Amino acid sequence: MFNPFRFLWRVNHRFKKWDADHIWKYQEKQIERLVKSATKKSKFYSSFYNGYDITNFSKLPFMNKQLFMENFSELNTKGLTKEECIEHCLEKESSRDFSEYYKGYLVGMSTGTSGNRGIEFATKMEALLMQLLVFYRFPFPKVRKIHLAFILRVFSPGFSHNGAKIRISYVNPLDTFEAIVNKLNSLNPNIISGPPSVLHVLTKEKQKGTLKFDPIMLVSYGEILTPNIKEVIESSFKCSVLEVYKSSESFIALPCSQGNLHINEDTTFVEVLNNKGEPVKPGEPGYVVVTDFIKYGTPIIRYRLNDLITISQEACPCGSSFRAIQEIHGRADDVVIGAKKTEEGFQFILPDFIRRSIVSSSDYIEEYNAIQTSPTNLSIKLQLKSELEKSSKKETFVKDIEKSIQENISNIFSKHDSKIPDLEFIYTIIAHDFDAKLRRIRRTFKEDF
Ligand SMILES: [Zn+2]
């Protein structure tokens, strides 16, 4: 029987007391257990590891989002098909009703850092463990009651909660910016959590006095928090900004009381590797490869993300031996700006909405980026998959892709009460270097015109 109090004790004890040796021994055991279970229960892993020595973990092949999505039906251990999960998500997304589970599981869709559609899946128990991990390990300020407002595109049941100590509210970023500010004012939370681009835009509302409360902490996630944006946000709100690092596949790191980001070594095994797949030293950037100890429903083993991180060489003053991340070199997109339809002024649109408008329109998109040159002009570069380039029906497909992107973008701008921009499509080879992956949505003009 799961005991949350025992879990609380463990979460704290491991973080504070375990040394590197203890951590590694624990991880070795968890890895062994997970790999064994996956090869037994997941059809995909059993054939993926065919011919490999499953006790030699560092020689097992890498997973990635494409393999995960292509093989989702055989990969998950709960007998769900990829088609039913996607259908469920699209239905939920269009009705924006995220309150229900699907067959008792949490199923969501993400664009992820690689930009392609991905399924995010967790059993109720897995979701509970992740939620408790955050509640127990996150250095919340010492106040009588925490009221956390999440500005979050995808709502999941874990993000609404009203307990004795913690209340969590959800704010929909699809609302107009005034509506977001009004909602925040009426909620009066003491902590706001959102992508740094949104927190940055909120600093202006704080300066204008339209945002009428003083949060005691801000939490940034989903995009890179650069040092200068962090400084602007902190000086404007006069409180600290902490960062969490999470992907659809794993809850990778949480901040400590000193504000440093520590890997959750007891729930995630993080390898930091160079292009040849060899480990890099602390202080050097490398690709993140995760193995998750919680998600047995969709085993995540040696899963390569598109983020690069640098592990800190210094020991953290908080005393924990869990490795601290010095820097995440991840996605840094710009917020898009819409010109208001009904009145003067502008509306901010999260880059994630634009990314989704593009990737969800076709499975034939290999790479893409978008550049906004004015509030009513958006230039979209597409690189299509090679199989489509060779197809005799290419022209029809291209027409369909453009139509679908046009519809999605129009929808997003309309929902934000903004004028629909003119789109320009450019077909080209998009560099596969890291920079191209990190910045997909750019804006060439300034926010305050
Ligand atoms: Zn620390």
# chains A, B, ... in the order shown; residues from 1 in each chain; ligands from 1
>>> residues_around(residues="segment 275-286 of chain A", least_positions_apart="5", cutoff="7 Å", atoms="only C-alpha atoms", output="VMD selection string")
chain A and resid 308 to 313
>>> residues_near_ligand(ligand="ligand 1", cutoff="8 Å", atoms="only C-alpha atoms and all ligand atoms", output="list of chain:residue names")
A:Pro255, A:Cys256, A:Ser257, A:Gln258, A:Gly259, A:Asn260, A:Leu261, A:His262, A:Cys316, A:Pro317, A:Cys318, A:Gly319, A:Ser320, A:Ala324
>>> select_by_dssp(residues="segment 40-186 of chain A", states="strand (DSSP E or B)", output="list of chain:residue names")
A:Met63, A:Tyr102, A:Tyr105, A:Leu106, A:Val107, A:Gly108, A:Met109, A:Ser110, A:Gly118, A:Ile119, A:Glu120, A:Phe121, A:Ala122, A:Thr123, A:Ile146, A:His147, A:Leu148, A:Ala149, A:Phe150, A:Ile151, A:His161, A:Asn162, A:Ile166, A:Arg167, A:Ile168, A:Ser169, A:Tyr170, A:Val171
>>> select_by_dssp(residues="segment 192-377 of chain A", states="alpha helix (DSSP H)", output="MDAnalysis selection string")
chainID A and resid 196:208 227:237 351:359
>>> closest_residue(among="A:Ala149, A:Ile192, A:Leu305, A:Ile168", to="Ser248 of chain A", atoms="only C-alpha atoms")
A:Leu305
>>> residues_around(residues="Ile426 of chain A", least_positions_apart="6", cutoff="8 Å", atoms="only C-alpha atoms", output="list of chain:residue names")
A:Ser379, A:Ile380, A:Lys381, A:Leu382
>>> residues_around(residues="Arg442 of chain A", least_positions_apart="2", cutoff="9 Å", atoms="only C-alpha atoms", output="list in words")
Asp333, Asp334, Val335, Val336, Pro351, Asn369, Ala370, Ile371, Gln372, Thr373, Arg439, Arg440 and Thr444 of chain A
>>> residues_around(residues="Met69 of chain A", least_positions_apart="3", cutoff="9 Å", atoms="only C-alpha atoms", output="PyMOL selection string")
chain A and resi 64-66+72-73+75+82+117-119
>>> closest_residue(among="A:Lys92, A:Ile405, A:Tyr102, A:Ser240", to="Pro141 of chain A", atoms="only C-alpha atoms")
A:Ser240
>>> closest_residue(among="A:Glu223, A:Lys124, A:Asn264, A:Phe177", to="Ser418 of chain A", atoms="only C-alpha atoms")
A:Phe177
>>> residues_around(residues="Ile252 of chain A", least_positions_apart="6", cutoff="7 Å", atoms="only C-alpha atoms", output="list in words")
Tyr245, Lys246, Ile263, Asn264 and Thr268 of chain A
>>> atom_distance(atom1="atom CA of Leu218 of chain A", atom2="atom CA of Leu148 of chain A")
9.3 Å
>>> atom_distance(atom1="atom CA of Asn408 of chain A", atom2="atom CA of Lys385 of chain A")
20.6 Å
>>> decode(residues="segment 305-336 of chain A", atoms="C-alpha atoms", output="compact mmCIF listing (two decimals), in the first residue's frame")
# COMPACT_ATOMS: atom_id res chain seq x y z
CA LEU A 305 16.17 14.67 -25.91
CA ASN A 306 17.10 17.59 -28.12
CA ASP A 307 18.26 19.70 -25.19
CA LEU A 308 21.86 20.25 -24.28
CA ILE A 309 22.81 20.80 -20.66
CA THR A 310 25.96 21.54 -18.72
CA ILE A 311 26.38 19.93 -15.31
CA SER A 312 27.88 22.18 -12.68
CA GLN A 313 31.43 21.46 -11.52
CA GLU A 314 30.84 23.05 -8.13
CA ALA A 315 29.17 21.38 -5.17
CA CYS A 316 25.92 23.17 -4.30
CA PRO A 317 25.92 25.04 -0.96
CA CYS A 318 22.60 23.30 -0.10
CA GLY A 319 24.70 20.17 0.56
CA SER A 320 22.87 17.78 -1.77
CA SER A 321 24.92 15.35 -3.88
CA PHE A 322 22.22 15.31 -6.57
CA ARG A 323 23.96 16.81 -9.61
CA ALA A 324 23.18 20.49 -10.25
CA ILE A 325 22.60 21.83 -13.75
CA GLN A 326 24.66 24.91 -14.53
CA GLU A 327 22.88 25.69 -17.79
CA ILE A 328 20.15 24.34 -20.06
CA HIS A 329 20.74 25.23 -23.67
CA GLY A 330 17.19 24.64 -24.83
CA ARG A 331 14.44 26.28 -26.75
CA ALA A 332 14.29 30.04 -26.94
CA ASP A 333 11.38 31.12 -29.10
CA ASP A 334 9.88 34.59 -29.33
CA VAL A 335 6.34 35.48 -28.31
CA VAL A 336 4.25 36.33 -31.37
